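A.B. asks: Structure file structure.txt, compact mmCIF, N, CA and C atoms, is pasted below:
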```txt
# COMPACT_ATOMS: atom_id res chain seq x y z
N MET N 1 185.13 79.06 75.75
CA MET N 1 184.93 78.34 76.99
C MET N 1 184.58 79.31 78.12
N ILE N 2 183.71 78.86 79.00
CA ILE N 2 183.31 79.63 80.18
C ILE N 2 183.89 78.91 81.40
N HIS N 3 184.50 79.67 82.31
CA HIS N 3 185.00 79.09 83.55
C HIS N 3 183.93 79.25 84.62
N THR N 4 183.62 78.19 85.30
CA THR N 4 182.61 78.24 86.36
C THR N 4 183.30 78.48 87.70
N ARG N 5 182.52 78.68 88.77
CA ARG N 5 183.09 78.95 90.08
C ARG N 5 183.97 77.82 90.60
N ASN N 6 183.59 76.61 90.27
CA ASN N 6 184.36 75.49 90.80
C ASN N 6 185.57 75.16 89.93
N GLY N 7 185.86 75.99 88.95
CA GLY N 7 187.05 75.81 88.14
C GLY N 7 186.83 74.95 86.90
N ASN N 8 185.66 74.36 86.77
CA ASN N 8 185.39 73.55 85.59
C ASN N 8 185.16 74.45 84.39
N ARG N 9 185.39 73.90 83.26
CA ARG N 9 185.14 74.65 82.03
C ARG N 9 183.87 74.12 81.39
N ARG N 10 183.11 75.04 80.84
CA ARG N 10 181.88 74.66 80.18
C ARG N 10 181.81 75.42 78.87
N ARG N 11 181.31 74.76 77.87
CA ARG N 11 181.15 75.44 76.59
C ARG N 11 180.09 76.52 76.72
N GLN N 12 180.22 77.59 75.96
CA GLN N 12 179.28 78.71 76.04
C GLN N 12 177.87 78.26 75.67
N ALA N 13 177.73 77.37 74.72
CA ALA N 13 176.41 76.90 74.30
C ALA N 13 175.68 76.25 75.48
N ASP N 14 176.40 75.48 76.31
CA ASP N 14 175.80 74.86 77.49
C ASP N 14 175.33 75.93 78.47
N TRP N 15 176.16 76.95 78.65
CA TRP N 15 175.86 78.04 79.58
C TRP N 15 174.62 78.81 79.13
N THR N 16 174.52 79.14 77.85
CA THR N 16 173.35 79.89 77.36
C THR N 16 172.11 79.02 77.40
N ASN N 17 172.25 77.73 77.15
CA ASN N 17 171.09 76.84 77.25
C ASN N 17 170.59 76.78 78.69
N HIS N 18 171.52 76.81 79.65
CA HIS N 18 171.14 76.79 81.06
C HIS N 18 170.36 78.06 81.42
N ILE N 19 170.82 79.21 80.95
CA ILE N 19 170.11 80.47 81.21
C ILE N 19 168.76 80.48 80.51
N ASP N 20 168.73 80.03 79.27
CA ASP N 20 167.45 79.97 78.55
C ASP N 20 166.46 79.08 79.29
N SER N 21 166.93 77.97 79.81
CA SER N 21 166.07 77.06 80.55
C SER N 21 165.56 77.71 81.83
N ALA N 22 166.44 78.44 82.54
CA ALA N 22 166.02 79.11 83.78
C ALA N 22 164.98 80.19 83.49
N ILE N 23 165.18 80.95 82.42
CA ILE N 23 164.22 81.98 82.04
C ILE N 23 162.89 81.35 81.66
N TYR N 24 162.93 80.25 80.93
CA TYR N 24 161.70 79.54 80.56
C TYR N 24 160.96 79.08 81.82
N ASP N 25 161.69 78.54 82.79
CA ASP N 25 161.07 78.09 84.04
C ASP N 25 160.43 79.26 84.78
N LEU N 26 161.11 80.41 84.82
CA LEU N 26 160.55 81.59 85.48
C LEU N 26 159.27 82.04 84.81
N MET N 27 159.29 82.10 83.49
CA MET N 27 158.14 82.59 82.74
C MET N 27 156.96 81.63 82.79
N ASN N 28 157.20 80.37 83.03
CA ASN N 28 156.12 79.39 83.05
C ASN N 28 155.75 78.95 84.46
N GLY N 29 156.26 79.65 85.45
CA GLY N 29 155.82 79.43 86.82
C GLY N 29 156.23 78.13 87.44
N THR N 30 157.33 77.53 87.01
CA THR N 30 157.72 76.25 87.58
C THR N 30 158.78 76.38 88.67
N ILE N 31 159.17 77.59 89.02
CA ILE N 31 160.18 77.80 90.06
C ILE N 31 159.76 77.16 91.39
N PRO N 32 158.49 77.29 91.85
CA PRO N 32 158.11 76.62 93.11
C PRO N 32 158.32 75.11 93.04
N GLU N 33 158.09 74.52 91.88
CA GLU N 33 158.32 73.08 91.75
C GLU N 33 159.81 72.78 91.86
N ILE N 34 160.62 73.65 91.26
CA ILE N 34 162.06 73.45 91.33
C ILE N 34 162.53 73.55 92.77
N LEU N 35 162.00 74.49 93.52
CA LEU N 35 162.39 74.70 94.91
C LEU N 35 161.66 73.76 95.86
N HIS N 36 160.85 72.87 95.33
CA HIS N 36 160.08 71.91 96.12
C HIS N 36 159.14 72.59 97.11
N LYS N 37 158.57 73.69 96.67
CA LYS N 37 157.59 74.40 97.49
C LYS N 37 156.24 74.31 96.81
N SER N 38 155.21 74.39 97.60
CA SER N 38 153.87 74.38 97.07
C SER N 38 153.37 75.82 97.01
N MET N 39 152.88 76.23 95.86
CA MET N 39 152.36 77.58 95.71
C MET N 39 150.91 77.44 95.26
N VAL N 40 149.99 77.67 96.19
CA VAL N 40 148.58 77.47 95.91
C VAL N 40 147.89 78.82 95.83
N GLN N 41 147.15 79.04 94.75
CA GLN N 41 146.33 80.24 94.61
C GLN N 41 145.14 80.07 95.54
N SER N 42 145.06 80.90 96.59
CA SER N 42 144.01 80.70 97.59
C SER N 42 142.97 81.81 97.59
N LYS N 43 143.16 82.84 96.77
CA LYS N 43 142.15 83.89 96.64
C LYS N 43 141.76 83.95 95.18
N PRO N 44 140.46 83.92 94.91
CA PRO N 44 140.02 83.97 93.52
C PRO N 44 140.46 85.26 92.83
N LEU N 45 140.82 85.14 91.59
CA LEU N 45 141.19 86.30 90.80
C LEU N 45 139.93 87.07 90.41
N ALA N 46 140.08 88.37 90.21
CA ALA N 46 138.92 89.21 89.91
C ALA N 46 139.20 90.15 88.75
N ASN N 47 138.17 90.43 88.00
CA ASN N 47 138.16 91.47 86.97
C ASN N 47 137.21 92.56 87.46
N ILE N 48 137.56 93.82 87.22
CA ILE N 48 136.64 94.91 87.53
C ILE N 48 136.39 95.65 86.22
N ILE N 49 135.13 95.69 85.84
CA ILE N 49 134.72 96.31 84.57
C ILE N 49 133.95 97.58 84.87
N LYS N 50 134.36 98.68 84.24
CA LYS N 50 133.66 99.96 84.41
C LYS N 50 132.74 100.14 83.22
N ARG N 51 131.49 100.38 83.51
CA ARG N 51 130.50 100.68 82.48
C ARG N 51 130.00 102.09 82.70
N ASP N 52 129.02 102.50 81.93
CA ASP N 52 128.53 103.86 81.98
C ASP N 52 128.13 104.29 83.39
N LYS N 53 127.22 103.56 84.03
CA LYS N 53 126.73 103.95 85.35
C LYS N 53 126.86 102.82 86.37
N GLU N 54 127.85 101.94 86.14
CA GLU N 54 128.04 100.84 87.08
C GLU N 54 129.44 100.25 86.94
N PHE N 55 129.81 99.51 87.97
CA PHE N 55 131.02 98.70 87.96
C PHE N 55 130.57 97.26 88.12
N VAL N 56 131.28 96.34 87.49
CA VAL N 56 130.99 94.92 87.65
C VAL N 56 132.28 94.24 88.10
N ILE N 57 132.18 93.53 89.22
CA ILE N 57 133.30 92.71 89.69
C ILE N 57 133.01 91.28 89.28
N GLU N 58 133.89 90.69 88.50
CA GLU N 58 133.77 89.29 88.12
C GLU N 58 134.85 88.52 88.88
N MET N 59 134.44 87.43 89.50
CA MET N 59 135.40 86.64 90.28
C MET N 59 135.25 85.17 89.91
N ALA N 60 136.38 84.55 89.57
CA ALA N 60 136.40 83.13 89.23
C ALA N 60 136.38 82.30 90.50
N ILE N 61 135.32 81.49 90.68
CA ILE N 61 135.20 80.68 91.89
C ILE N 61 134.83 79.23 91.52
N PRO N 62 135.68 78.55 90.79
CA PRO N 62 135.34 77.18 90.38
C PRO N 62 135.14 76.26 91.58
N GLY N 63 134.12 75.44 91.49
CA GLY N 63 133.85 74.47 92.53
C GLY N 63 133.02 74.98 93.69
N LEU N 64 132.69 76.28 93.72
CA LEU N 64 131.88 76.83 94.81
C LEU N 64 130.49 77.18 94.29
N SER N 65 129.50 76.97 95.15
CA SER N 65 128.13 77.33 94.79
C SER N 65 127.79 78.68 95.43
N LYS N 66 126.68 79.26 95.00
CA LYS N 66 126.27 80.55 95.54
C LYS N 66 125.98 80.47 97.04
N ASP N 67 125.59 79.31 97.52
CA ASP N 67 125.30 79.14 98.95
C ASP N 67 126.56 79.16 99.81
N GLN N 68 127.71 78.94 99.21
CA GLN N 68 128.96 78.91 99.95
C GLN N 68 129.66 80.28 99.99
N ILE N 69 129.14 81.25 99.27
CA ILE N 69 129.73 82.58 99.18
C ILE N 69 128.97 83.55 100.07
N LYS N 70 129.70 84.39 100.78
CA LYS N 70 129.09 85.45 101.59
C LYS N 70 129.54 86.79 101.03
N ILE N 71 128.58 87.71 100.89
CA ILE N 71 128.88 89.06 100.44
C ILE N 71 128.30 90.02 101.46
N ASN N 72 129.16 90.85 102.03
CA ASN N 72 128.76 91.82 103.05
C ASN N 72 129.38 93.17 102.74
N ILE N 73 128.79 94.20 103.33
CA ILE N 73 129.39 95.53 103.29
C ILE N 73 129.80 95.84 104.72
N GLU N 74 131.09 96.09 104.90
CA GLU N 74 131.64 96.44 106.21
C GLU N 74 132.34 97.78 106.07
N LYS N 75 131.78 98.77 106.74
CA LYS N 75 132.25 100.15 106.63
C LYS N 75 132.22 100.56 105.17
N ASP N 76 133.35 100.87 104.57
CA ASP N 76 133.37 101.31 103.17
C ASP N 76 133.91 100.23 102.24
N GLN N 77 133.77 98.96 102.64
CA GLN N 77 134.32 97.88 101.83
C GLN N 77 133.27 96.82 101.51
N LEU N 78 133.36 96.31 100.30
CA LEU N 78 132.59 95.14 99.90
C LEU N 78 133.45 93.93 100.23
N VAL N 79 132.94 93.03 101.06
CA VAL N 79 133.70 91.88 101.52
C VAL N 79 133.07 90.61 100.95
N ILE N 80 133.87 89.87 100.20
CA ILE N 80 133.42 88.61 99.60
C ILE N 80 134.25 87.51 100.24
N SER N 81 133.56 86.49 100.78
CA SER N 81 134.30 85.44 101.47
C SER N 81 133.62 84.09 101.31
N ALA N 82 134.40 83.06 101.61
CA ALA N 82 133.91 81.69 101.67
C ALA N 82 134.70 80.97 102.75
N ASP N 83 134.06 80.07 103.44
CA ASP N 83 134.73 79.27 104.46
C ASP N 83 134.07 77.90 104.47
N THR N 84 134.51 77.04 103.58
CA THR N 84 133.94 75.71 103.45
C THR N 84 135.04 74.67 103.61
N GLU N 85 134.65 73.49 103.90
CA GLU N 85 135.60 72.39 104.02
C GLU N 85 135.75 71.69 102.67
N ARG N 86 136.97 71.49 102.28
CA ARG N 86 137.24 70.72 101.06
C ARG N 86 137.99 69.48 101.49
N SER N 87 137.43 68.34 101.17
CA SER N 87 138.08 67.10 101.57
C SER N 87 138.18 66.16 100.39
N LEU N 88 139.20 65.36 100.42
CA LEU N 88 139.40 64.34 99.40
C LEU N 88 138.90 63.01 99.94
N ALA N 89 138.53 62.14 99.05
CA ALA N 89 138.08 60.82 99.46
C ALA N 89 139.26 60.04 100.04
N GLU N 90 138.95 59.02 100.81
CA GLU N 90 139.99 58.21 101.42
C GLU N 90 140.89 57.62 100.34
N GLY N 91 142.17 57.73 100.55
CA GLY N 91 143.14 57.21 99.60
C GLY N 91 143.52 58.19 98.50
N GLU N 92 142.84 59.35 98.45
CA GLU N 92 143.18 60.37 97.46
C GLU N 92 144.16 61.37 98.05
N SER N 93 145.00 61.90 97.18
CA SER N 93 145.89 62.99 97.57
C SER N 93 146.21 63.79 96.31
N PHE N 94 146.60 65.02 96.51
CA PHE N 94 146.95 65.87 95.37
C PHE N 94 148.34 65.49 94.86
N THR N 95 148.47 65.38 93.56
CA THR N 95 149.80 65.31 92.96
C THR N 95 150.23 66.70 92.53
N LYS N 96 149.25 67.58 92.34
CA LYS N 96 149.50 68.99 92.05
C LYS N 96 148.28 69.75 92.55
N ASN N 97 148.50 70.84 93.28
CA ASN N 97 147.41 71.63 93.83
C ASN N 97 147.71 73.09 93.58
N GLU N 98 147.09 73.68 92.56
CA GLU N 98 147.38 75.05 92.17
C GLU N 98 146.33 76.04 92.65
N PHE N 99 145.14 75.58 93.04
CA PHE N 99 144.14 76.49 93.58
C PHE N 99 143.30 75.80 94.62
N ASP N 100 142.88 76.59 95.59
CA ASP N 100 141.97 76.12 96.62
C ASP N 100 141.23 77.35 97.14
N TYR N 101 139.99 77.52 96.71
CA TYR N 101 139.20 78.70 97.07
C TYR N 101 138.19 78.38 98.17
N SER N 102 138.40 77.31 98.91
CA SER N 102 137.42 76.93 99.92
C SER N 102 137.40 77.91 101.10
N LYS N 103 138.51 78.59 101.37
CA LYS N 103 138.57 79.59 102.44
C LYS N 103 139.30 80.82 101.90
N PHE N 104 138.56 81.91 101.77
CA PHE N 104 139.19 83.14 101.30
C PHE N 104 138.37 84.35 101.73
N THR N 105 138.99 85.52 101.67
CA THR N 105 138.32 86.80 101.86
C THR N 105 138.94 87.78 100.89
N ARG N 106 138.09 88.46 100.12
CA ARG N 106 138.53 89.54 99.23
C ARG N 106 137.76 90.79 99.62
N LYS N 107 138.46 91.93 99.67
CA LYS N 107 137.83 93.19 100.05
C LYS N 107 138.07 94.21 98.94
N PHE N 108 137.01 94.99 98.65
CA PHE N 108 137.07 96.03 97.63
C PHE N 108 136.54 97.32 98.24
N ASN N 109 137.31 98.40 98.12
CA ASN N 109 136.86 99.71 98.61
C ASN N 109 135.73 100.21 97.72
N LEU N 110 134.67 100.71 98.34
CA LEU N 110 133.52 101.19 97.59
C LEU N 110 133.58 102.67 97.26
N GLY N 111 134.06 103.47 98.15
CA GLY N 111 134.05 104.91 97.92
C GLY N 111 132.64 105.46 98.06
N GLU N 112 132.50 106.76 97.91
CA GLU N 112 131.21 107.40 98.11
C GLU N 112 130.31 107.35 96.88
N MET N 113 130.88 107.00 95.74
CA MET N 113 130.09 107.05 94.51
C MET N 113 129.21 105.81 94.28
N ILE N 114 129.37 104.77 95.09
CA ILE N 114 128.60 103.53 94.91
C ILE N 114 127.33 103.56 95.74
N ASP N 115 126.22 103.19 95.11
CA ASP N 115 124.93 103.10 95.79
C ASP N 115 124.89 101.77 96.55
N ARG N 116 125.10 101.82 97.85
CA ARG N 116 125.19 100.60 98.66
C ARG N 116 123.87 99.84 98.76
N LYS N 117 122.77 100.49 98.50
CA LYS N 117 121.47 99.84 98.58
C LYS N 117 121.08 99.16 97.27
N ASN N 118 121.89 99.30 96.26
CA ASN N 118 121.54 98.76 94.95
C ASN N 118 122.70 97.91 94.39
N ILE N 119 123.10 96.91 95.16
CA ILE N 119 124.16 95.99 94.74
C ILE N 119 123.52 94.66 94.39
N GLN N 120 123.87 94.13 93.23
CA GLN N 120 123.30 92.86 92.77
C GLN N 120 124.41 91.86 92.53
N ALA N 121 124.12 90.58 92.79
CA ALA N 121 125.12 89.53 92.58
C ALA N 121 124.45 88.32 91.96
N LYS N 122 125.21 87.63 91.10
CA LYS N 122 124.75 86.36 90.56
C LYS N 122 125.95 85.45 90.38
N CYS N 123 125.68 84.16 90.44
CA CYS N 123 126.73 83.16 90.33
C CYS N 123 126.31 82.12 89.31
N GLU N 124 127.07 82.02 88.22
CA GLU N 124 126.76 81.05 87.17
C GLU N 124 128.04 80.46 86.62
N HIS N 125 128.07 79.15 86.52
CA HIS N 125 129.17 78.42 85.87
C HIS N 125 130.54 78.79 86.45
N GLY N 126 130.63 78.93 87.77
CA GLY N 126 131.90 79.22 88.42
C GLY N 126 132.35 80.67 88.32
N LEU N 127 131.45 81.56 87.91
CA LEU N 127 131.77 82.98 87.82
C LEU N 127 130.80 83.78 88.67
N LEU N 128 131.33 84.50 89.65
CA LEU N 128 130.53 85.38 90.49
C LEU N 128 130.59 86.77 89.90
N SER N 129 129.43 87.36 89.62
CA SER N 129 129.36 88.72 89.07
C SER N 129 128.60 89.61 90.05
N ILE N 130 129.24 90.70 90.45
CA ILE N 130 128.63 91.64 91.39
C ILE N 130 128.54 92.98 90.68
N THR N 131 127.32 93.51 90.57
CA THR N 131 127.09 94.78 89.89
C THR N 131 126.90 95.88 90.93
N LEU N 132 127.72 96.91 90.83
CA LEU N 132 127.69 98.05 91.74
C LEU N 132 127.22 99.27 90.97
N GLN N 133 126.06 99.78 91.34
CA GLN N 133 125.51 100.95 90.66
C GLN N 133 126.17 102.23 91.18
N VAL N 134 126.44 103.15 90.27
CA VAL N 134 127.00 104.45 90.63
C VAL N 134 125.84 105.37 91.00
N LYS N 135 125.99 106.10 92.11
CA LYS N 135 124.96 107.04 92.53
C LYS N 135 124.81 108.13 91.48
N GLU N 136 123.60 108.67 91.43
CA GLU N 136 123.39 109.85 90.58
C GLU N 136 124.28 110.96 91.11
N GLU N 137 124.89 111.67 90.22
CA GLU N 137 125.78 112.75 90.64
C GLU N 137 124.98 113.83 91.35
N LEU N 138 125.48 114.19 92.49
CA LEU N 138 124.86 115.25 93.26
C LEU N 138 125.57 116.56 92.93
N ASP N 139 124.82 117.62 92.96
CA ASP N 139 125.42 118.93 92.72
C ASP N 139 126.19 119.32 93.98
N THR N 140 127.50 119.32 93.88
CA THR N 140 128.33 119.64 95.05
C THR N 140 128.85 121.08 94.98
N THR N 141 128.31 121.84 94.06
CA THR N 141 128.71 123.23 93.94
C THR N 141 128.03 124.06 95.03
N ILE N 142 128.81 124.84 95.71
CA ILE N 142 128.28 125.71 96.74
C ILE N 142 128.53 127.14 96.32
N LYS N 143 127.46 127.91 96.29
CA LYS N 143 127.58 129.31 95.89
C LYS N 143 127.86 130.15 97.12
N VAL N 144 128.87 130.98 97.03
CA VAL N 144 129.24 131.86 98.14
C VAL N 144 128.85 133.27 97.74
N ASP N 145 128.00 133.88 98.54
CA ASP N 145 127.58 135.26 98.29
C ASP N 145 128.66 136.23 98.75
N ILE N 146 128.86 137.26 97.99
CA ILE N 146 129.82 138.30 98.33
C ILE N 146 129.08 139.41 99.07
N GLN N 147 129.60 139.85 100.20
CA GLN N 147 128.95 140.89 100.99
C GLN N 147 129.54 142.24 100.74
```
Reformat the file's structure so that it appears as structure tokens.

C.D. replies:
Amino acid sequence: MIHTRNGNRRRQADWTNHIDSAIYDLMNGTIPEILHKSMVQSKPLANIIKRDKEFVIEMAIPGLSKDQIKINIEKDQLVISADTERSLAEGESFTKNEFDYSKFTRKFNLGEMIDRKNIQAKCEHGLLSITLQVKEELDTTIKVDIQ
């Protein structure tokens, strides 16, 4: 028997089932539902793939078209954003809302190795792919003459 804080007794099997259930809820992301909070993914997730002479950023943007996405370079960052209105028809409401990418900004540091003049982007089937070419390596060796 396990004694609880309020003095009640509970069988150990009930106690372990309760912990197993809590761990299951944690692992399956249902804690916000338990706490009656809404947890909405508002920034698209991204993959960054390194290839021989380029990097590719893949971003999942379901429901957005290429016309709704803005890609800019600001200082040393690649900035990807969207700012669109998402509305439901009259009488509709969400019973569950886990993502909303209608307004977001994602920033990626470019560094000096990326050729800023040779960036390509395409959007197909809800996947935005941005290809960043690596600059040709420059010889940064400096020879110092001995006098």

A.B. asks: Quick check, in Å to one decimal: how far apart do atom CA of N:Glu98 and atom CA of N:Val40 lie?

C.D. replies: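 Between atom CA of N:Glu98 and atom CA of N:Val40 the gap works out to 4.6 Å.
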
A.B. asks: Would you please work out which residue, of N:Cys123, N:Val134, N:Ala89, N:Ile49, is nearest to N:Ser65 when using only N, CA and C atoms?

C.D. replies: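 For N:Ser65, the nearest of the candidates is N:Cys123.
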
A.B. asks: Using only C-alpha atoms, find the one residue out of N:Arg106, N:Arg116, N:Lys96, N:His125 that sits nearest to N:Leu64.

C.D. replies: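 For N:Leu64, the nearest of the given residues is N:His125.
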
A.B. asks: If we count only N, CA and C atoms and set the cut-off at 8 Å, which residues sit around N:Gly63, ignoring sequence neighbours fewer than 3 positions away in its own chain? Please answer as a list in words.

C.D. replies: Ala60, Lys66, Tyr101, Ser102, His125, Gly126 and Leu127 of chain N

A.B. asks: Would you write out those residues with N, CA and C atoms, as a short mmCIF file (atom, residue, chain, number, x, y, z; two decimals), keeping the file's coordinate frame?

C.D. replies:
```
data_model
loop_
_atom_site.label_atom_id
_atom_site.label_comp_id
_atom_site.auth_asym_id
_atom_site.auth_seq_id
_atom_site.Cartn_x
_atom_site.Cartn_y
_atom_site.Cartn_z
N ALA N 60 136.38 84.55 89.57
CA ALA N 60 136.40 83.13 89.23
C ALA N 60 136.38 82.30 90.50
N LYS N 66 126.68 79.26 95.00
CA LYS N 66 126.27 80.55 95.54
C LYS N 66 125.98 80.47 97.04
N TYR N 101 139.99 77.52 96.71
CA TYR N 101 139.20 78.70 97.07
C TYR N 101 138.19 78.38 98.17
N SER N 102 138.40 77.31 98.91
CA SER N 102 137.42 76.93 99.92
C SER N 102 137.40 77.91 101.10
N HIS N 125 128.07 79.15 86.52
CA HIS N 125 129.17 78.42 85.87
C HIS N 125 130.54 78.79 86.45
N GLY N 126 130.63 78.93 87.77
CA GLY N 126 131.90 79.22 88.42
C GLY N 126 132.35 80.67 88.32
N LEU N 127 131.45 81.56 87.91
CA LEU N 127 131.77 82.98 87.82
C LEU N 127 130.80 83.78 88.67
#
```

A.B. asks: Would you mind reading off the distance between atom C of N:Phe99 and atom CA of N:Glu74, one decimal, in Å?

C.D. replies: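 Computing it gives 26.4 Å between the two atoms.
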